[in-house]
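Below is the file my_file-v3.pdb, which contains PDB, C-alpha atoms.
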```pdb
MODEL        1
ATOM      1  CA  GLY A   1       8.558   0.087   3.039
ATOM      2  CA  LEU A   2      10.364  -0.841  -0.143
ATOM      3  CA  GLY A   3      13.403   1.163   0.976
ATOM      4  CA  THR A   4      13.958  -1.226   3.878
ATOM      5  CA  PHE A   5      13.865  -4.241   1.590
ATOM      6  CA  ALA A   6      16.007  -2.485  -1.027
ATOM      7  CA  ARG A   7      18.727  -1.871   1.588
ATOM      8  CA  LEU A   8      18.494  -5.478   2.801
ATOM      9  CA  VAL A   9      18.715  -6.988  -0.694
ATOM     10  CA  ALA A  10      21.218  -4.476  -2.089
ATOM     11  CA  GLY A  11      23.874  -5.658   0.347
ATOM     12  CA  LYS A  12      23.524  -9.234  -0.902
ATOM     13  CA  MET A  13      23.480  -8.241  -4.582
ATOM     14  CA  GLY A  14      26.118  -5.530  -4.494
ATOM     15  CA  ALA A  15      23.653  -2.992  -5.900
ATOM     16  CA  LYS A  16      22.778   0.556  -4.893
ATOM     17  CA  PRO A  17      19.616   0.583  -2.714
ATOM     18  CA  GLU A  18      18.072   3.618  -4.441
ATOM     19  CA  ILE A  19      18.390   1.982  -7.873
ATOM     20  CA  LEU A  20      17.143  -1.371  -6.610
ATOM     21  CA  GLN A  21      14.118   0.287  -4.991
ATOM     22  CA  ARG A  22      12.928   1.510  -8.409
ATOM     23  CA  VAL A  23      12.712  -2.045  -9.779
ATOM     24  CA  LEU A  24      11.314  -3.799  -6.710
ATOM     25  CA  TRP A  25       7.802  -2.809  -7.782
ATOM     26  CA  GLY A  26       6.437  -3.608 -11.215
ATOM     27  CA  GLU A  27       7.188  -6.115 -13.918
ATOM     28  CA  TRP A  28      10.872  -6.623 -13.198
ATOM     29  CA  THR A  29      12.683  -9.877 -12.528
ATOM     30  CA  PHE A  30      16.206 -10.741 -11.416
ATOM     31  CA  ASN A  31      18.132 -13.055 -13.728
ATOM     32  CA  LYS A  32      20.360 -15.129 -11.439
ATOM     33  CA  LYS A  33      22.582 -16.326 -14.299
ATOM     34  CA  THR A  34      23.487 -12.870 -15.600
ATOM     35  CA  LYS A  35      23.055 -11.124 -12.206
ATOM     36  CA  ARG A  36      21.000  -8.422 -13.925
ATOM     37  CA  VAL A  37      17.535  -6.979 -13.594
ATOM     38  CA  GLN A  38      15.354  -7.279 -16.678
ATOM     39  CA  ARG A  39      11.771  -6.586 -17.710
ATOM     40  CA  ARG A  40       9.499  -9.521 -17.061
ATOM     41  CA  SER A  41       7.491 -10.721 -20.025
ATOM     42  CA  PRO A  42       3.745 -11.204 -19.384
ATOM     43  CA  LEU A  43       4.145 -14.695 -20.901
ATOM     44  CA  ASP A  44       6.945 -15.621 -18.481
ATOM     45  CA  THR A  45       5.624 -18.156 -15.963
ATOM     46  CA  LYS A  46       8.975 -19.303 -14.573
ATOM     47  CA  SER A  47      10.499 -16.150 -13.125
ATOM     48  CA  LYS A  48       9.030 -14.225 -10.222
ATOM     49  CA  PRO A  49       8.523 -10.465 -10.057
ATOM     50  CA  MET A  50      11.198  -8.905  -7.876
ATOM     51  CA  PHE A  51       8.567  -7.766  -5.371
ATOM     52  CA  VAL A  52       7.514 -11.372  -4.813
ATOM     53  CA  GLU A  53      11.061 -12.723  -4.689
ATOM     54  CA  PHE A  54      12.669 -10.079  -2.487
ATOM     55  CA  VAL A  55       9.794  -8.667  -0.413
ATOM     56  CA  LEU A  56       6.907 -11.102  -0.066
ATOM     57  CA  GLN A  57       9.098 -14.170   0.304
ATOM     58  CA  GLN A  58      11.006 -12.465   3.141
ATOM     59  CA  ILE A  59       7.756 -11.718   4.963
ATOM     60  CA  PHE A  60       6.459 -15.254   4.346
ATOM     61  CA  ALA A  61       9.762 -16.673   5.641
ATOM     62  CA  VAL A  62       9.349 -14.807   8.943
ATOM     63  CA  TYR A  63       5.779 -16.034   9.228
ATOM     64  CA  ASP A  64       6.699 -19.652   8.423
ATOM     65  CA  ALA A  65       9.646 -19.606  10.841
ATOM     66  CA  SER A  66       7.671 -18.231  13.758
ATOM     67  CA  TYR A  67       4.000 -19.205  13.533
ATOM     68  CA  LYS A  68       3.415 -22.974  13.609
ATOM     69  CA  HIS A  69       6.878 -24.206  14.584
ATOM     70  CA  LEU A  70       9.651 -21.903  15.747
ATOM     71  CA  ASN A  71      12.654 -22.227  13.428
ATOM     72  CA  THR A  72      15.288 -20.503  15.583
ATOM     73  CA  GLU A  73      18.085 -21.409  13.160
ATOM     74  CA  LEU A  74      16.474 -19.489  10.264
ATOM     75  CA  LEU A  75      15.390 -16.646  12.554
ATOM     76  CA  ALA A  76      18.961 -16.340  13.878
ATOM     77  CA  LYS A  77      20.247 -15.963  10.288
ATOM     78  CA  MET A  78      17.627 -13.291   9.644
ATOM     79  CA  GLN A  79      18.390 -11.610  12.983
ATOM     80  CA  SER A  80      21.954 -10.902  11.852
ATOM     81  CA  GLN A  81      20.605  -8.930   8.861
ATOM     82  CA  ILE A  82      17.618  -7.166  10.470
ATOM     83  CA  ALA A  83      18.902  -4.496  12.856
ATOM     84  CA  PRO A  84      15.690  -4.042  14.919
ATOM     85  CA  TRP A  85      15.853  -7.742  15.865
ATOM     86  CA  LYS A  86      19.297  -7.457  17.525
ATOM     87  CA  GLU A  87      17.858  -7.240  21.053
ATOM     88  CA  VAL A  88      15.199  -9.957  20.529
ATOM     89  CA  ASP A  89      15.893 -13.094  22.564
ATOM     90  CA  LEU A  90      14.847 -15.819  20.131
ATOM     91  CA  GLY A  91      15.090 -18.435  22.883
ATOM     92  CA  ASN A  92      12.216 -16.805  24.779
ATOM     93  CA  LEU A  93       9.858 -16.764  21.795
ATOM     94  CA  THR A  94       7.158 -19.397  21.501
ATOM     95  CA  ALA A  95       5.641 -20.270  18.150
ATOM     96  CA  GLY A  96       2.382 -18.533  17.339
ATOM     97  CA  ALA A  97       0.762 -15.213  16.580
ATOM     98  CA  ALA A  98       2.592 -13.474  19.435
ATOM     99  CA  ALA A  99       5.982 -14.380  17.942
ATOM    100  CA  VAL A 100       4.957 -13.153  14.480
ATOM    101  CA  ARG A 101       3.617  -9.926  15.979
ATOM    102  CA  GLU A 102       6.789  -9.364  18.046
ATOM    103  CA  LEU A 103       9.141  -9.853  15.095
ATOM    104  CA  MET A 104       7.109  -8.041  12.440
ATOM    105  CA  SER A 105       6.250  -5.047  14.638
ATOM    106  CA  ARG A 106       9.938  -4.460  15.308
ATOM    107  CA  TRP A 107      10.946  -4.924  11.678
ATOM    108  CA  GLN A 108       8.083  -3.307   9.741
ATOM    109  CA  PRO A 109       5.668  -1.501  12.101
ATOM    110  CA  PHE A 110       2.345  -1.620  10.254
ATOM    111  CA  ALA A 111       1.198   1.917  11.063
ATOM    112  CA  ASP A 112       4.523   3.384   9.910
ATOM    113  CA  CYS A 113       4.406   1.396   6.655
ATOM    114  CA  ILE A 114       0.844   2.462   5.848
ATOM    115  CA  LEU A 115       1.545   6.121   6.610
ATOM    116  CA  ARG A 116       4.758   6.082   4.551
ATOM    117  CA  MET A 117       2.987   4.501   1.567
ATOM    118  CA  ALA A 118       0.103   6.983   1.801
ATOM    119  CA  VAL A 119       2.474   9.947   1.871
ATOM    120  CA  GLN A 120       4.563   8.607  -1.014
ATOM    121  CA  HIS A 121       1.782   7.459  -3.325
ATOM    122  CA  LEU A 122      -1.439   9.360  -2.641
ATOM    123  CA  PRO A 123      -1.853  12.816  -4.135
ATOM    124  CA  SER A 124      -2.087  15.779  -1.796
ATOM    125  CA  PRO A 125      -5.622  16.982  -0.995
ATOM    126  CA  LEU A 126      -4.992  20.094  -3.094
ATOM    127  CA  GLY A 127      -3.723  18.079  -6.038
ATOM    128  CA  ALA A 128      -6.578  15.605  -5.833
ATOM    129  CA  ALA A 129      -9.460  18.074  -5.419
ATOM    130  CA  ALA A 130     -10.184  18.376  -9.143
ATOM    131  CA  ASN A 131     -10.382  14.571  -9.529
ATOM    132  CA  ARG A 132     -12.386  13.930  -6.361
ATOM    133  CA  LEU A 133     -15.143  16.492  -6.832
ATOM    134  CA  PRO A 134     -16.852  14.723  -9.776
ATOM    135  CA  VAL A 135     -16.938  11.532  -7.700
ATOM    136  CA  ILE A 136     -18.088  13.085  -4.430
ATOM    137  CA  CYS A 137     -20.534  15.582  -5.950
ATOM    138  CA  PRO A 138     -21.353  14.303  -9.442
ATOM    139  CA  ARG A 139     -24.479  16.413  -9.806
ATOM    140  CA  TRP A 140     -22.504  19.678  -9.657
ATOM    141  CA  PHE A 141     -19.018  18.801 -10.832
ATOM    142  CA  ALA A 142     -19.323  15.886 -13.289
ATOM    143  CA  SER A 143     -21.950  17.164 -15.695
ATOM    144  CA  THR A 144     -21.748  20.257 -17.856
ATOM    145  CA  GLU A 145     -25.502  20.925 -17.587
ATOM    146  CA  ASN A 146     -25.741  21.677 -13.869
ATOM    147  CA  GLU A 147     -22.113  22.597 -13.297
ATOM    148  CA  ALA A 148     -21.633  24.551 -10.098
ATOM    149  CA  GLU A 149     -20.512  28.145 -10.502
ATOM    150  CA  GLY A 150     -19.511  30.919  -8.166
ATOM    151  CA  PRO A 151     -16.668  31.612  -5.731
ATOM    152  CA  ILE A 152     -17.342  28.581  -3.521
ATOM    153  CA  ALA A 153     -17.417  26.145  -6.443
ATOM    154  CA  GLU A 154     -14.290  27.692  -7.933
ATOM    155  CA  ALA A 155     -12.460  27.535  -4.579
ATOM    156  CA  LEU A 156     -13.393  23.832  -4.321
ATOM    157  CA  ARG A 157     -12.125  23.080  -7.838
ATOM    158  CA  GLN A 158      -8.814  24.807  -7.199
ATOM    159  CA  GLY A 159      -8.392  23.416  -3.687
ATOM    160  CA  ASP A 160      -7.949  26.993  -2.476
ATOM    161  CA  ALA A 161      -6.929  26.897   1.208
ATOM    162  CA  ALA A 162      -7.853  30.589   1.523
ATOM    163  CA  GLY A 163     -11.314  29.992   0.049
ATOM    164  CA  PRO A 164     -14.532  29.673   2.039
ATOM    165  CA  THR A 165     -14.846  26.796   4.490
ATOM    166  CA  VAL A 166     -17.086  24.029   3.192
ATOM    167  CA  ALA A 167     -18.351  20.979   5.088
ATOM    168  CA  TYR A 168     -19.350  17.872   3.178
ATOM    169  CA  LEU A 169     -21.749  15.570   5.003
ATOM    170  CA  ALA A 170     -22.173  12.040   3.789
ATOM    171  CA  LYS A 171     -24.838   9.558   4.747
ATOM    172  CA  PHE A 172     -23.984   5.905   4.378
ATOM    173  CA  LEU A 173     -26.963   3.696   3.714
ATOM    174  CA  ALA A 174     -27.421  -0.025   4.203
ATOM    175  CA  ALA A 175     -28.076  -1.817   0.933
ATOM    176  CA  ASP A 176     -28.971  -5.288  -0.230
ATOM    177  CA  LEU A 177     -26.408  -5.672  -2.999
ATOM    178  CA  GLU A 178     -27.971  -8.837  -4.401
ATOM    179  CA  ARG A 179     -31.312  -7.159  -5.016
ATOM    180  CA  GLN A 180     -29.685  -3.740  -5.510
ATOM    181  CA  VAL A 181     -32.042  -1.897  -3.189
ATOM    182  CA  LEU A 182     -31.647   0.292  -0.127
ATOM    183  CA  THR A 183     -32.824  -1.346   3.064
ATOM    184  CA  GLY A 184     -34.985   0.927   5.196
ATOM    185  CA  ASP A 185     -33.847   4.329   3.973
ATOM    186  CA  THR A 186     -33.953   6.589   0.947
ATOM    187  CA  LEU A 187     -31.245   8.817  -0.447
ATOM    188  CA  ILE A 188     -32.224  12.482  -0.313
ATOM    189  CA  GLY A 189     -30.497  15.762   0.326
ATOM    190  CA  ASP A 190     -28.829  17.246  -2.745
ATOM    191  CA  GLU A 191     -31.789  19.215  -4.091
ATOM    192  CA  ASP A 192     -31.363  22.595  -2.445
ATOM    193  CA  VAL A 193     -27.623  23.309  -2.572
ATOM    194  CA  LYS A 194     -26.631  26.837  -3.643
ATOM    195  CA  PHE A 195     -23.082  27.810  -4.526
TER     196      PHE A 195
ENDMDL
END
```
Transcribe the structure of this file into structure tokens.
Amino acid sequence: GLGTFARLVAGKMGAKPEILQRVLWGEWTFNKKTKRVQRRSPLDTKSKPMFVEFVLQQIFAVYDASYKHLNTELLAKMQSQIAPWKEVDLGNLTAGAAAVRELMSRWQPFADCILRMAVQHLPSPLGAAANRLPVICPRWFASTENEAEGPIAEALRQGDAAGPTVAYLAKFLAADLERQVLTGDTLIGDEDVKF
């Protein structure tokens, strides 16, 4: 995640990783002349956002150095800074997808990154219940005319773990998006729900 890159870059810049992590995402840029972080103007076309400069370019560098032609010199420099690569024998790698997979899975395991980002940035199911219900069940929770009432509806709105158990079944239908029609099925099923 960003913490890994913040620790990697902070050592080079002499900055604190936790402070650097806050500006790695968003409209921030690093001014090399003043050695300071500053807000990036929307009209600025010369500077790069810090995320691009310090995160994406590092990932692209690994890809470029290991996919088409193996650049062992660059990878050796990176190996000294990336702890999980210490035991990788760069001499045994051959250029291609396998090399990229070997290096990236040791450095930033995809499943771990996705799970970490989901935990950090997605709201908890309880916190999100009030926002999700109008989307999932618009007929009962988005309109004021047919708004669902009763203990089950209230437990759903509050995300009450002690409330009644409710199962939501969804049917996904094939659709021709160009013509905006369902192909071979009709949407039915929300007529007879009682709360």
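Each of A:Ala130, A:Leu70, A:Ala155, A:Val52 was compared to Leu90 of chain A using all atoms listed in the file, and A:Leu70 turns out to be the nearest.
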Using the chain letters and residue numbers of this document, give as a PyMOL selection string the residues selected by the PyMOL selection byres ((chain A and resi 141) around 12). chain A and resi 129-140+142-149+153-154+156-157+195
Could you write out as a short mmCIF file (atom, residue, chain, number, x, y, z; two decimals) with C-alpha atoms, keeping the file's coordinate frame the residues that the PyMOL selection byres ((chain A and resi 45-48) around 12) matches in the shown file?
```
data_model
loop_
_atom_site.label_atom_id
_atom_site.label_comp_id
_atom_site.auth_asym_id
_atom_site.auth_seq_id
_atom_site.Cartn_x
_atom_site.Cartn_y
_atom_site.Cartn_z
CA LEU A 24 11.31 -3.80 -6.71
CA TRP A 25 7.80 -2.81 -7.78
CA GLY A 26 6.44 -3.61 -11.22
CA GLU A 27 7.19 -6.12 -13.92
CA TRP A 28 10.87 -6.62 -13.20
CA THR A 29 12.68 -9.88 -12.53
CA PHE A 30 16.21 -10.74 -11.42
CA ASN A 31 18.13 -13.06 -13.73
CA LYS A 32 20.36 -15.13 -11.44
CA VAL A 37 17.54 -6.98 -13.59
CA GLN A 38 15.35 -7.28 -16.68
CA ARG A 39 11.77 -6.59 -17.71
CA ARG A 40 9.50 -9.52 -17.06
CA SER A 41 7.49 -10.72 -20.02
CA PRO A 42 3.74 -11.20 -19.38
CA LEU A 43 4.14 -14.70 -20.90
CA ASP A 44 6.94 -15.62 -18.48
CA PRO A 49 8.52 -10.46 -10.06
CA MET A 50 11.20 -8.90 -7.88
CA PHE A 51 8.57 -7.77 -5.37
CA VAL A 52 7.51 -11.37 -4.81
CA GLU A 53 11.06 -12.72 -4.69
CA PHE A 54 12.67 -10.08 -2.49
CA VAL A 55 9.79 -8.67 -0.41
CA LEU A 56 6.91 -11.10 -0.07
CA GLN A 57 9.10 -14.17 0.30
#
```
Show which residues sit within 8 Å of Pro17 of chain A, as a PDB file with C-alpha atoms, keeping the file's coordinate frame. Count all atoms listed in the file, and ignore same-chain residues fewer than 3 positions away.
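The result, written out as selection.pdb:
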```
ATOM      1  CA  GLY A   3      13.403   1.163   0.976  1.00  0.00           C
ATOM      2  CA  ALA A   6      16.007  -2.485  -1.027  1.00  0.00           C
ATOM      3  CA  ARG A   7      18.727  -1.871   1.588  1.00  0.00           C
ATOM      4  CA  VAL A   9      18.715  -6.988  -0.694  1.00  0.00           C
ATOM      5  CA  ALA A  10      21.218  -4.476  -2.089  1.00  0.00           C
ATOM      6  CA  LEU A  20      17.143  -1.371  -6.610  1.00  0.00           C
ATOM      7  CA  GLN A  21      14.118   0.287  -4.991  1.00  0.00           C
TER       8      GLN A  21
END
```
If the PyMOL selection byres ((chain A and resi 106) around 10) were run on this exact file, what residues would it hold? Put them as a ChimeraX atom specification. /A:82-85,88,101-105,107-110
